[in-house]
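Contents: one structure, followed by commentary.
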Amino acid sequence: MPARHATLLGIAMMLLGILLFSINDVMGKWLVATYTVGQVLVLRSIAALAVIAPFVVRQGIGRTLRPERPGLQVMRVALGSCEVALFYWAVSYLPLADTMTLWLAAPVWAVVLAALLLGEKVDAGRWLAVVVGFIGVAVALNPSGQSLSLPAIIALVGSVSFAIMMITGRQLRGTPDVTLVAWQTLGAFIMGLILLPFGWVTPSLTDTALLGLLGIVAMVAHLCVTRSLKLAEASVVVPYQYTLIVWALVFGWFIFGDWPTPAMLIGAGLIVAAGLALLLLERRSAKLSDVLLQPEEI
């Protein structure tokens with residue numbers, strides 16, 4: 001495939017994946033208003049595992065069950081399972097746009113955590129972007145009078161978990177898509193089983209179908225985003241993930257009647273600006289490294 005076509009397809013896959021994630025978030029918020037987080041995770045995971053099972057068989061069950069760097073894989077799955085449970089918990093109390101705004105701060109947390117945990121060097125430009133991101137989080141924390149409430153704290157912890165998962169994911173880029181999604185889905189299923197004793201509401205036939213569809217939509221969204229990153233450079237497609245806040249605003253207003261406040265919009269703008277700045281700085285640093293690594297002409 002020509003590079004230009006691959007890039008355009010990668011952008012399209014990212015946009016589709018983010019739209020599907022937004023639909024998944026709307027469905028999740030709707031369902032956790034009636035059903036517990038545990039049963040939502042269990043039922044959505046069963047449906048997703050049923051769909052992905054043929055792909056696991058085709059790839060090879062042994063290869064899927066024995067991925068490279070199993071310790072890191074387990075850490076990523078544990079973090080991802082906690083993150084999705086915390087998201088459903090937070091979004092059951094907070095407006096959709098509020099929750100997504102805090103989740104989009106994950107790249108900011110990732111810079112700080114990479115510096116603290118991995119000893120990565122962070123230049124002045126990145127620290128400035130981090131400060132802007134922190135200011136955005138502080139502003140967005142009180143878009144609906146929920147500042148420092150338990151749901152807001154849950155959302156912050158969830159976004160930090162997502163950031164750590166992003167850091168671990170950097171070292172697993174060679175793992176096949178099917179393996180990553182299968183393990184992530186299995187982890188969500190196990191997390192659901194752990195939370196299941198805390199409550200159960202027998203779903204109707206329609207809601208059972210919606211709970212199953214929730215898992216399928218999430219799985220397809222993961223595959224779209226993963227494929228997007230393999231078709232095009234991250235610096236090209238990742239900025240399109242910020243369309244998530246647009247969908248959150250639209251769906252939140254249209255479906256749940258959550259009207260965005262000026263504070264939330266300002267906070268979201270600062271967080272998005274910080275994320276884009278970090279991405280541009282990373283791209284510039286990568287280009288500089290490529291230049292320095294080129295052999296000198298004689």
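Residues in the structure tokens are named by chain (A, B, ... in the order shown) and by number from 1 within that chain; ligands are numbered from 1 in the order shown.
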Taking the chain letters and numbering used in this document, name the residues of segment 16-258 of chain A that DSSP puts in helix (DSSP H, G or I), as a ChimeraX atom specification.
-> /A:16-32,37-59,61-65,70-91,96-103,106-117,124-140,150-172,177-198,205-231,234-256
Compile the contact shell of segment 220-225 of chain A as an mmCIF file with all heavy atoms, in the first residue's frame: residues with an atom at most 8 Å away, counting only C-alpha atoms, same-chain residues fewer than 6 positions apart removed.
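What landed in selection39.cif:
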```cif
data_model
loop_
_atom_site.group_PDB
_atom_site.id
_atom_site.type_symbol
_atom_site.label_atom_id
_atom_site.label_comp_id
_atom_site.auth_asym_id
_atom_site.auth_seq_id
_atom_site.Cartn_x
_atom_site.Cartn_y
_atom_site.Cartn_z
ATOM 1 N N MET A 13 -9.026 4.951 10.425
ATOM 2 C CA MET A 13 -9.178 3.929 11.457
ATOM 3 C C MET A 13 -9.165 4.551 12.854
ATOM 4 O O MET A 13 -9.913 4.134 13.738
ATOM 5 C CB MET A 13 -8.058 2.894 11.341
ATOM 6 C CG MET A 13 -8.119 2.057 10.065
ATOM 7 S SD MET A 13 -9.575 0.981 10.007
ATOM 8 C CE MET A 13 -9.106 -0.273 11.177
ATOM 9 N N MET A 14 -8.321 5.558 13.058
ATOM 10 C CA MET A 14 -8.289 6.229 14.353
ATOM 11 C C MET A 14 -9.610 6.949 14.621
ATOM 12 O O MET A 14 -10.179 6.858 15.728
ATOM 13 C CB MET A 14 -7.121 7.205 14.405
ATOM 14 C CG MET A 14 -7.037 8.019 15.697
ATOM 15 S SD MET A 14 -6.774 7.003 17.194
ATOM 16 C CE MET A 14 -5.032 6.588 17.006
ATOM 17 N N LEU A 16 -12.547 6.279 13.356
ATOM 18 C CA LEU A 16 -13.588 5.276 13.585
ATOM 19 C C LEU A 16 -13.448 4.674 14.979
ATOM 20 O O LEU A 16 -14.438 4.488 15.693
ATOM 21 C CB LEU A 16 -13.496 4.184 12.520
ATOM 22 C CG LEU A 16 -14.474 3.005 12.680
ATOM 23 C CD1 LEU A 16 -15.921 3.489 12.656
ATOM 24 C CD2 LEU A 16 -14.228 1.956 11.591
ATOM 25 N N GLY A 17 -12.205 4.361 15.371
ATOM 26 C CA GLY A 17 -11.987 3.784 16.691
ATOM 27 C C GLY A 17 -12.430 4.711 17.809
ATOM 28 O O GLY A 17 -13.063 4.279 18.777
ATOM 29 N N ILE A 18 -12.123 6.008 17.676
ATOM 30 C CA ILE A 18 -12.511 6.969 18.708
ATOM 31 C C ILE A 18 -14.029 7.131 18.749
ATOM 32 O O ILE A 18 -14.625 7.243 19.826
ATOM 33 C CB ILE A 18 -11.828 8.326 18.447
ATOM 34 C CG1 ILE A 18 -10.307 8.184 18.609
ATOM 35 C CG2 ILE A 18 -12.359 9.386 19.396
ATOM 36 C CD1 ILE A 18 -9.862 7.654 19.958
ATOM 37 N N LEU A 20 -16.186 4.795 17.983
ATOM 38 C CA LEU A 20 -16.688 3.579 18.630
ATOM 39 C C LEU A 20 -16.445 3.613 20.137
ATOM 40 O O LEU A 20 -17.293 3.177 20.924
ATOM 41 C CB LEU A 20 -16.025 2.348 18.011
ATOM 42 C CG LEU A 20 -16.429 2.033 16.570
ATOM 43 C CD1 LEU A 20 -15.599 0.872 16.028
ATOM 44 C CD2 LEU A 20 -17.913 1.691 16.499
ATOM 45 N N PHE A 21 -15.291 4.130 20.559
ATOM 46 C CA PHE A 21 -15.035 4.278 21.991
ATOM 47 C C PHE A 21 -16.060 5.219 22.622
ATOM 48 O O PHE A 21 -16.527 4.991 23.745
ATOM 49 C CB PHE A 21 -13.620 4.815 22.235
ATOM 50 C CG PHE A 21 -12.583 3.753 22.365
ATOM 51 C CD1 PHE A 21 -11.440 3.778 21.581
ATOM 52 C CD2 PHE A 21 -12.735 2.716 23.273
ATOM 53 C CE1 PHE A 21 -10.475 2.801 21.692
ATOM 54 C CE2 PHE A 21 -11.771 1.724 23.395
ATOM 55 C CZ PHE A 21 -10.642 1.768 22.596
ATOM 56 N N ASP A 177 -2.006 -7.848 17.560
ATOM 57 C CA ASP A 177 -3.238 -7.199 18.007
ATOM 58 C C ASP A 177 -4.158 -8.174 18.739
ATOM 59 O O ASP A 177 -4.742 -7.848 19.774
ATOM 60 C CB ASP A 177 -3.991 -6.607 16.813
ATOM 61 C CG ASP A 177 -3.173 -5.557 16.084
ATOM 62 O OD1 ASP A 177 -2.086 -5.224 16.576
ATOM 63 O OD2 ASP A 177 -3.641 -5.079 15.039
ATOM 64 N N VAL A 181 -5.609 -7.698 22.605
ATOM 65 C CA VAL A 181 -7.043 -7.529 22.865
ATOM 66 C C VAL A 181 -7.596 -8.712 23.644
ATOM 67 O O VAL A 181 -8.421 -8.545 24.555
ATOM 68 C CB VAL A 181 -7.807 -7.341 21.536
ATOM 69 C CG1 VAL A 181 -9.310 -7.289 21.776
ATOM 70 C CG2 VAL A 181 -7.348 -6.062 20.846
#
```
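Distance check against Thr168 of chain A using only C-alpha atoms: of A:Gly257, A:Gly71, A:Gly275, A:Gly212, the minimum falls on A:Gly71.
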Which polymer residues have any atom within 12 Å of an atom of Pro239 of chain A, counting only C-alpha atoms, with same-chain residues fewer than 5 positions away left out, as number ranges by chain?
-> A: 11, 14-15, 18, 104, 107, 229, 233-234, 244-245, 272-280, 283
Export of prior selection with N, CA and C atoms as a PDB file, in the first residue's frame:
```
ATOM      1  N   ILE A  11      -5.573   7.312   9.560  1.00  0.00           N
ATOM      2  CA  ILE A  11      -6.375   8.397  10.137  1.00  0.00           C
ATOM      3  C   ILE A  11      -7.844   7.980  10.225  1.00  0.00           C
ATOM      4  N   MET A  14      -8.321   5.558  13.058  1.00  0.00           N
ATOM      5  CA  MET A  14      -8.289   6.229  14.353  1.00  0.00           C
ATOM      6  C   MET A  14      -9.610   6.949  14.621  1.00  0.00           C
ATOM      7  N   LEU A  15     -10.116   7.676  13.623  1.00  0.00           N
ATOM      8  CA  LEU A  15     -11.384   8.384  13.784  1.00  0.00           C
ATOM      9  C   LEU A  15     -12.525   7.410  14.074  1.00  0.00           C
ATOM     10  N   ILE A  18     -12.123   6.008  17.676  1.00  0.00           N
ATOM     11  CA  ILE A  18     -12.511   6.969  18.708  1.00  0.00           C
ATOM     12  C   ILE A  18     -14.029   7.131  18.749  1.00  0.00           C
ATOM     13  N   LEU A 104      -8.392  12.228  29.356  1.00  0.00           N
ATOM     14  CA  LEU A 104      -7.484  12.709  28.322  1.00  0.00           C
ATOM     15  C   LEU A 104      -6.212  13.321  28.907  1.00  0.00           C
ATOM     16  N   PRO A 107      -1.772  11.390  28.901  1.00  0.00           N
ATOM     17  CA  PRO A 107      -0.421  11.670  28.372  1.00  0.00           C
ATOM     18  C   PRO A 107       0.405  12.584  29.275  1.00  0.00           C
ATOM     19  N   LEU A 229      -2.297   2.757  14.441  1.00  0.00           N
ATOM     20  CA  LEU A 229      -0.927   3.047  14.841  1.00  0.00           C
ATOM     21  C   LEU A 229       0.086   2.227  14.041  1.00  0.00           C
ATOM     22  N   GLU A 233       2.250   6.869  11.236  1.00  0.00           N
ATOM     23  CA  GLU A 233       3.051   7.302  12.379  1.00  0.00           C
ATOM     24  C   GLU A 233       2.143   7.808  13.493  1.00  0.00           C
ATOM     25  N   ALA A 234       2.559   7.539  14.726  1.00  0.00           N
ATOM     26  CA  ALA A 234       1.766   7.967  15.878  1.00  0.00           C
ATOM     27  C   ALA A 234       1.578   9.480  15.887  1.00  0.00           C
ATOM     28  N   LEU A 244     -12.380  12.669  20.803  1.00  0.00           N
ATOM     29  CA  LEU A 244     -13.157  12.013  21.860  1.00  0.00           C
ATOM     30  C   LEU A 244     -13.916  13.034  22.697  1.00  0.00           C
ATOM     31  N   ILE A 245     -13.285  14.165  22.996  1.00  0.00           N
ATOM     32  CA  ILE A 245     -13.948  15.171  23.831  1.00  0.00           C
ATOM     33  C   ILE A 245     -15.105  15.812  23.061  1.00  0.00           C
ATOM     34  N   VAL A 272      -6.069  19.348  26.167  1.00  0.00           N
ATOM     35  CA  VAL A 272      -5.820  18.990  24.771  1.00  0.00           C
ATOM     36  C   VAL A 272      -4.585  19.722  24.241  1.00  0.00           C
ATOM     37  N   ALA A 273      -4.462  21.004  24.585  1.00  0.00           N
ATOM     38  CA  ALA A 273      -3.293  21.777  24.141  1.00  0.00           C
ATOM     39  C   ALA A 273      -2.001  21.169  24.692  1.00  0.00           C
ATOM     40  N   ALA A 274      -2.038  20.749  25.961  1.00  0.00           N
ATOM     41  CA  ALA A 274      -0.854  20.130  26.568  1.00  0.00           C
ATOM     42  C   ALA A 274      -0.515  18.816  25.880  1.00  0.00           C
ATOM     43  N   GLY A 275      -1.532  18.020  25.607  1.00  0.00           N
ATOM     44  CA  GLY A 275      -1.305  16.743  24.944  1.00  0.00           C
ATOM     45  C   GLY A 275      -0.723  16.911  23.548  1.00  0.00           C
ATOM     46  N   LEU A 276      -1.255  17.859  22.793  1.00  0.00           N
ATOM     47  CA  LEU A 276      -0.740  18.110  21.443  1.00  0.00           C
ATOM     48  C   LEU A 276       0.690  18.656  21.489  1.00  0.00           C
ATOM     49  N   ALA A 277       0.955  19.518  22.474  1.00  0.00           N
ATOM     50  CA  ALA A 277       2.309  20.058  22.617  1.00  0.00           C
ATOM     51  C   ALA A 277       3.308  18.943  22.922  1.00  0.00           C
ATOM     52  N   LEU A 278       2.936  18.037  23.801  1.00  0.00           N
ATOM     53  CA  LEU A 278       3.814  16.908  24.115  1.00  0.00           C
ATOM     54  C   LEU A 278       4.061  16.049  22.882  1.00  0.00           C
ATOM     55  N   LEU A 279       3.015  15.866  22.078  1.00  0.00           N
ATOM     56  CA  LEU A 279       3.155  15.063  20.866  1.00  0.00           C
ATOM     57  C   LEU A 279       4.090  15.731  19.868  1.00  0.00           C
ATOM     58  N   LEU A 280       3.953  17.046  19.689  1.00  0.00           N
ATOM     59  CA  LEU A 280       4.818  17.776  18.766  1.00  0.00           C
ATOM     60  C   LEU A 280       6.267  17.765  19.235  1.00  0.00           C
ATOM     61  N   ARG A 283       7.693  14.404  18.509  1.00  0.00           N
ATOM     62  CA  ARG A 283       7.972  14.247  17.083  1.00  0.00           C
ATOM     63  C   ARG A 283       9.262  14.984  16.707  1.00  0.00           C
TER      64      ARG A 283
END
```
Long-range neighbours of segment 48-64 of chain A as a PyMOL selection string, 8 Å cut-off, only C-alpha atoms, 5 positions minimum in chain = chain A and resi 178-179+182+185-186+212+215-216+219
Residues near segment 120-132 of chain A, cut-off 12 Å, only C-alpha atoms, skip fewer than 4 positions along chain, as a PyMOL selection string = chain A and resi 105-116+136-139+167+266-282+284-285
Restricted to N, CA, C and O atoms, what would the selected residues look like written as a CSV table (one decimal), in the first residue's frame?
```
chain,number,residue,atom,x,y,z
A,105,ALA,N,-6.1,13.4,30.2
A,105,ALA,CA,-4.9,13.9,30.9
A,105,ALA,C,-3.9,12.8,31.0
A,105,ALA,O,-2.8,13.1,31.5
A,106,ALA,N,-4.2,11.6,30.6
A,106,ALA,CA,-3.3,10.5,30.7
A,106,ALA,C,-1.9,10.8,30.1
A,106,ALA,O,-0.9,10.4,30.7
A,107,PRO,N,-1.8,11.4,28.9
A,107,PRO,CA,-0.4,11.7,28.4
A,107,PRO,C,0.4,12.6,29.3
A,107,PRO,O,1.6,12.5,29.3
A,108,VAL,N,-0.3,13.5,30.0
A,108,VAL,CA,0.4,14.4,30.9
A,108,VAL,C,1.0,13.6,32.1
A,108,VAL,O,2.2,13.7,32.5
A,109,TRP,N,0.1,12.7,32.7
A,109,TRP,CA,0.6,11.8,33.8
A,109,TRP,C,1.7,11.0,33.3
A,109,TRP,O,2.7,10.7,34.0
A,110,ALA,N,1.7,10.5,32.0
A,110,ALA,CA,2.7,9.5,31.5
A,110,ALA,C,4.0,10.2,31.5
A,110,ALA,O,5.0,9.5,31.8
A,111,VAL,N,4.1,11.5,31.2
A,111,VAL,CA,5.4,12.1,31.1
A,111,VAL,C,6.0,12.2,32.5
A,111,VAL,O,7.2,11.9,32.7
A,112,VAL,N,5.2,12.6,33.5
A,112,VAL,CA,5.7,12.7,34.9
A,112,VAL,C,6.1,11.3,35.4
A,112,VAL,O,7.2,11.1,36.0
A,113,LEU,N,5.3,10.3,35.2
A,113,LEU,CA,5.5,8.9,35.7
A,113,LEU,C,6.8,8.3,35.0
A,113,LEU,O,7.5,7.6,35.7
A,114,ALA,N,6.9,8.6,33.7
A,114,ALA,CA,8.1,8.1,33.0
A,114,ALA,C,9.4,8.7,33.6
A,114,ALA,O,10.4,8.0,33.7
A,115,ALA,N,9.3,9.9,34.0
A,115,ALA,CA,10.5,10.6,34.6
A,115,ALA,C,10.8,10.0,36.0
A,115,ALA,O,11.9,9.8,36.3
A,116,LEU,N,9.7,9.8,36.7
A,116,LEU,CA,9.9,9.3,38.1
A,116,LEU,C,10.2,7.8,38.2
A,116,LEU,O,11.1,7.4,39.0
A,136,GLY,N,-5.1,22.6,33.5
A,136,GLY,CA,-6.3,22.2,32.9
A,136,GLY,C,-7.1,21.2,33.7
A,136,GLY,O,-8.3,21.3,33.8
A,137,VAL,N,-6.4,20.2,34.3
A,137,VAL,CA,-7.0,19.3,35.2
A,137,VAL,C,-7.7,20.0,36.4
A,137,VAL,O,-8.8,19.7,36.8
A,138,ALA,N,-6.9,20.9,37.0
A,138,ALA,CA,-7.4,21.7,38.2
A,138,ALA,C,-8.7,22.5,37.8
A,138,ALA,O,-9.7,22.5,38.6
A,139,VAL,N,-8.7,23.0,36.6
A,139,VAL,CA,-9.9,23.8,36.2
A,139,VAL,C,-11.1,22.8,35.9
A,139,VAL,O,-12.2,23.1,36.3
A,167,ILE,N,2.6,3.6,29.4
A,167,ILE,CA,4.0,3.4,29.5
A,167,ILE,C,4.4,1.9,29.3
A,167,ILE,O,5.4,1.7,28.6
A,266,ILE,N,-12.8,25.2,29.3
A,266,ILE,CA,-11.5,25.7,29.4
A,266,ILE,C,-10.5,24.7,29.8
A,266,ILE,O,-9.4,24.5,29.3
A,267,GLY,N,-10.9,23.9,30.8
A,267,GLY,CA,-10.0,22.8,31.3
A,267,GLY,C,-9.7,21.8,30.2
A,267,GLY,O,-8.6,21.4,30.0
A,268,ALA,N,-10.7,21.4,29.4
A,268,ALA,CA,-10.5,20.5,28.3
A,268,ALA,C,-9.6,21.1,27.3
A,268,ALA,O,-8.7,20.4,26.7
A,269,GLY,N,-9.8,22.4,27.0
A,269,GLY,CA,-8.9,23.0,26.0
A,269,GLY,C,-7.4,23.0,26.4
A,269,GLY,O,-6.5,22.8,25.6
A,270,LEU,N,-7.2,23.3,27.7
A,270,LEU,CA,-5.8,23.3,28.2
A,270,LEU,C,-5.2,21.9,28.2
A,270,LEU,O,-4.0,21.7,27.8
A,271,ILE,N,-6.0,20.9,28.5
A,271,ILE,CA,-5.5,19.5,28.5
A,271,ILE,C,-5.2,19.0,27.1
A,271,ILE,O,-4.1,18.4,26.8
A,272,VAL,N,-6.1,19.3,26.2
A,272,VAL,CA,-5.8,19.0,24.8
A,272,VAL,C,-4.6,19.7,24.2
A,272,VAL,O,-3.7,19.1,23.5
A,273,ALA,N,-4.5,21.0,24.6
A,273,ALA,CA,-3.3,21.8,24.1
A,273,ALA,C,-2.0,21.2,24.7
A,273,ALA,O,-1.0,21.1,24.0
A,274,ALA,N,-2.0,20.7,26.0
A,274,ALA,CA,-0.9,20.1,26.6
A,274,ALA,C,-0.5,18.8,25.9
A,274,ALA,O,0.7,18.5,25.6
A,275,GLY,N,-1.5,18.0,25.6
A,275,GLY,CA,-1.3,16.7,24.9
A,275,GLY,C,-0.7,16.9,23.5
A,275,GLY,O,0.2,16.2,23.2
A,276,LEU,N,-1.3,17.9,22.8
A,276,LEU,CA,-0.7,18.1,21.4
A,276,LEU,C,0.7,18.7,21.5
A,276,LEU,O,1.5,18.3,20.6
A,277,ALA,N,1.0,19.5,22.5
A,277,ALA,CA,2.3,20.1,22.6
A,277,ALA,C,3.3,18.9,22.9
A,277,ALA,O,4.4,18.9,22.4
A,278,LEU,N,2.9,18.0,23.8
A,278,LEU,CA,3.8,16.9,24.1
A,278,LEU,C,4.1,16.0,22.9
A,278,LEU,O,5.2,15.6,22.7
A,279,LEU,N,3.0,15.9,22.1
A,279,LEU,CA,3.2,15.1,20.9
A,279,LEU,C,4.1,15.7,19.9
A,279,LEU,O,5.0,15.1,19.3
A,280,LEU,N,4.0,17.0,19.7
A,280,LEU,CA,4.8,17.8,18.8
A,280,LEU,C,6.3,17.8,19.2
A,280,LEU,O,7.2,17.6,18.4
A,281,LEU,N,6.5,17.9,20.5
A,281,LEU,CA,7.8,17.9,21.1
A,281,LEU,C,8.5,16.5,20.9
A,281,LEU,O,9.6,16.4,20.6
A,282,GLU,N,7.6,15.5,21.1
A,282,GLU,CA,8.1,14.1,20.9
A,282,GLU,C,8.5,13.9,19.4
A,282,GLU,O,9.6,13.3,19.1
A,284,ARG,N,9.4,16.2,17.2
A,284,ARG,CA,10.6,17.0,16.9
A,284,ARG,C,11.9,16.3,17.5
A,284,ARG,O,12.9,16.2,16.8
A,285,SER,N,11.8,15.7,18.7
A,285,SER,CA,12.9,15.0,19.3
A,285,SER,C,13.3,13.8,18.5
A,285,SER,O,14.4,13.5,18.3
```
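Comparing the minimum interatomic distances between Arg69 of chain A and each of A:Thr175, A:Leu9, A:Ala163, A:Asn24, counting only C-alpha atoms, we find that A:Thr175 sits nearest.
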